[in-house]
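Peer 1: Got a structure for you, written out below as structure tokens; questions coming shortly.
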Amino acid sequence: MASILSLKPGESARVTRIRAENQIDQRILSLGIGANVIIKLCKVAPLGDPIAVEVDGSQIILRKSEAEGIEVEPA
Amino acid sequence: METVVSPIAQRTLRIALIGNPNTGKSTIFNNLTGLRQRTGNYPGVTVSRKAGTMKLGNTTAELIDLPGTYSLSAHSPDERVVIDVLNGRFKEIGKPDLILFVADATNLRRNLFLASQVATLRIPMALILNQWDAVASSGQQIDLNLLKGRLAVPVIPTIGTKGKGTDDIKKAILTLMEEPKFLPEIHWPESMQSAIEHLKATLPCVGEEFLSESETHRLLFDTHSAEIQRLKVSPEEAAREVVKAREFIRKDGMNPLVAEAMLHYRHIDGLIGGVVLKDTQLAHGATESIDKLLLHRGWGLAAFVAMMYVVFQAVYSWAGPVMDVIEAGKIWAQKLIGPALEGAPMLQSLVLDGVIEGVGAFLIFLPQILILFAFISLLEDSGYMARAAFIMDKLFSWCGLNGKSFVPLLSSYACAIPGIMATRTIEDPKSRLATVFVAPFMSCSARLPVYILCIGAFIEPVYGPWWAGFTLFLMHFVGLAVAVPTAWFVTRIILKTKSQPFVMELPKYRTPRMSDVGYRMWQAGWEFVQKAGTIIFFITIIIWASLYFPRSEAQEKEIQAAFVAGKVAEGAGTLADIQVQLADEDSELAREFNLALAGEQINQSYMGRIGKTVQPIFEPAGFDWRISISVLASYPAREVIISTLGIIYSLGGDVDEEDGHLRAALKNSEWQEGEKEGTPIYTVPVVIGLMVFFALCSQCGATTSIIIKEAGIKWAVASFIYMTVLAWLGAVLCYQVGTHWF
């Protein structure tokens, strides 16, 4: 299953599941990033990490290590 | 207010303000309370606590501003603050009677997640839809009447930055007091109810109480719940029961760690279905174009560096003139009051060198604090602070900090006091503590005089201006080089964090409101004067006393006799001659005697005695008793070393680091006894060791008191000991390596 990190900046995808192993994943879930939500990889920070994703019209910063648990499929 | 139910009527109404970060919650809080605000910490944790009084018709209410959060999850005692307040677990705060929920109107779905969690507490609620004006510009439409019908609580659109809707909020509060209204609660499936009932029945709290419904949710859903610490049973037993309870959910075909978010969002989608109409094509146009530039790989970094340069320059240089005015005011007050107390030397010294000096010692920091907080407020309110953290995070993440540590640490290069106060912008308490701990290592402006004195007297004449400049440059990195591994050590070993999550919203750009900037400056300044000011004042008085006492007329006569005898031995004149000259206060000799007297009085003071006693400790660093005394006397404020050296070398206390006499005196001073007799005290290794000592040592009473205030006494003591030991090790290393290997 592809992770959100496989997207290029500007690309959108549909979330299939959040791995939900730790509190970071739970934090992501509470932000409304859950199954069937459309997510867009907006930007990668100038130094290569973290990334900014867009969900529901708002942008959220996640470190790459935290975003790994977000699994997506083509929208 | 006659209709209020009795328990509330008998005391002040308690209202909690709750919401996600970046919803304009602070602005709403400012609009409702004005300047009637108080800040502090929640007991036992480092989360800052803000409360205020609001006028409500002809009565008043207490407004508690809870830390901004995305969910009620409580993985640590710090995160538990919100749910603890809502459950009335803090006795001094009490359970809130009403909740004002502040939501960002442009992101209703996500904001309502927290609201839906809060609804399980069954406290009457009003929903504030802030940034109402941004709804249309973000390409959305909200059917307000439909929403009001679905939610059953007062729904108030507001534009906090323009003060719009403030009266409507107050009206809604009055309505709620007459008739409590609740947000529709989530209906859990049967399996979930069984799981909750299981936990409630098996796990009593300390003190025979049971967890509330909302607290039980935290125990059930959070991976590592901080509610476990509240239970009577051991953590292992509690964990076993949690596993059993989660089995109910698992058997129902749901992942217990995902179920809460999934069900709440399903509940919310039911409530707001058809309420929000979106045209995503229109979404945040302006923000996106600004970010194309400000988050660009090249331009973004350049803009960031430029912006931080302005902030640093502002704190470092713009504050200068105001600080000069404060300094001049201090001297003016000393000159004005001095003569009036001529008859009582001890009182005169107490007032001039203790009280006025002590007030000046904390007032001098105010300009930097105010300027920095003006910038912080502008950066945060405009939405840029989150971008700065986004850009800088990579540099900080590996040592356990995050991008938000950048601004506090940069400001600490000017002064650690505003820098440490600025750590309040870091939401994560552990990153915040680590940043507080390493901030004093940044080379602040008070270290500069020591560097300039040492480099000017010993490096430049021998090695030339290029090496002098390079040494000064290197000195600014000594602290940083120590700070980075220290941060790693504090976060990974002391605070035992594996990796700190850095999940943060990138808010839309907004125009900051000047009154909010004003509130922020006023609050930071007033708090500093009130809390740290008193501590700094008392430290100054104590140091004054230890430098002044013991002092007696007999002692002065003894010093005078020794001085006169010395002059006679030098052949400067007969005994009678010298005594006549001394009696004339304007004579050259009398002036010389006064300087010698001041020097000798310091030597004989308690501080001087301690300095001589502890000199053996500094022996491995090559410090003599004079340096040892100066180092000790510099603990309240490191820049004091210059004037202390001036007094000790009988040049008077008003010398500065550029003073030729002081430089000459240092160069000419030699060991007077022991095996090093006749050799210079200030060799290059000693001088470098001295600078390294000042770079690393915790010589600032104001910093220590601000750490006490921001992180607690334990951290302040740890910081003091850690920095002092490191400074000593650094100085010894420089001296030993420099002396024996080169």
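Starting from 1 in every chain, residues are counted up; chains themselves are A, B, ... following the order of the structure tokens, and ligands are numbered from 1 as listed.
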When you get a sec, could you note down which chain A residues fall within 8 Å of chain B, using only C-alpha atoms, as number ranges by chain?
Peer 2: A: 20-24, 26-32, 34, 45-50, 52, 56-63, 66
Peer 1: Just asking: which residues within segment 10-74 of chain A are strand (DSSP E or B) according to DSSP, as a list in words?
Peer 2: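 DSSP-assigned strand (DSSP E or B) residues in segment 10-74 of chain A: Ser12, Ala13, Arg14, Val15, Thr16, Arg17, Ile18, Ile38, Ile39, Lys40, Leu41, Cys42, Lys43, Val44, Ile51, Ala52, Val53, Glu54, Val55, Ser58, Gln59, Ile60, Ile61, Leu62, Ile70, Glu71, Val72, Glu73 and Pro74 of chain A.
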Peer 1: Fewer than 4 positions away in the same chain doesn't count, so skip those; otherwise give me all residues within 6 Å of segment 37-42 of chain A, counting only C-alpha atoms, as an NGL selection string.
Peer 2: :A and (9-15 or 52-55)
Peer 1: Report, in Å with one decimal, the straight-line distance from atom CA of Val482 of chain B to atom CA of Ala695 of chain B.
Peer 2: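 These atoms are spaced 10.1 Å apart.
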Peer 1: Excluding Tyr548 of chain B and any residue of its chain fewer than 3 positions from it, enumerate the residues within 12 Å of it, using only C-alpha atoms, and give them as a count of residues only.
Peer 2: 28
Peer 1: Between B:Phe248, B:Trp398, B:Tyr463, B:Trp522, single out the one closest to Pro367 of chain B, counting only C-alpha atoms.
Peer 2: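 Result for the nearest residue to Pro367 of chain B: B:Trp522.
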Peer 1: Show me, as a ChimeraX atom specification, the residues that have an atom within 6 Å of Ile4 of chain A when counting only C-alpha atoms, minus same-chain residues fewer than 3 positions from it.
Peer 2: /A:7,70-72
Peer 1: Any chance you could export the current selection's N, CA, C and O atoms as a PDB file, in the first residue's frame?
Peer 2:
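Saved as selection-v1.pdb:
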```pdb
ATOM      1  N   LEU A   7       3.521  10.579  -3.018  1.00  0.00           N
ATOM      2  CA  LEU A   7       2.925  11.603  -3.885  1.00  0.00           C
ATOM      3  C   LEU A   7       3.950  12.689  -4.202  1.00  0.00           C
ATOM      4  O   LEU A   7       4.906  12.899  -3.457  1.00  0.00           O
ATOM      5  N   ILE A  70       0.159   7.246   6.919  1.00  0.00           N
ATOM      6  CA  ILE A  70      -1.036   7.565   6.125  1.00  0.00           C
ATOM      7  C   ILE A  70      -0.945   6.827   4.795  1.00  0.00           C
ATOM      8  O   ILE A  70      -0.092   7.118   3.968  1.00  0.00           O
ATOM      9  N   GLU A  71      -1.821   5.839   4.594  1.00  0.00           N
ATOM     10  CA  GLU A  71      -1.780   5.064   3.356  1.00  0.00           C
ATOM     11  C   GLU A  71      -2.843   5.570   2.389  1.00  0.00           C
ATOM     12  O   GLU A  71      -3.961   5.877   2.793  1.00  0.00           O
ATOM     13  N   VAL A  72      -2.449   5.689   1.123  1.00  0.00           N
ATOM     14  CA  VAL A  72      -3.351   6.300   0.133  1.00  0.00           C
ATOM     15  C   VAL A  72      -3.471   5.448  -1.126  1.00  0.00           C
ATOM     16  O   VAL A  72      -2.658   4.572  -1.385  1.00  0.00           O
TER      17      VAL A  72
END
```
Peer 1: Based on DSSP run over this structure's backbone, return all residues of chain A in helix (DSSP H, G or I), as a count of residues only.
Peer 2: 15
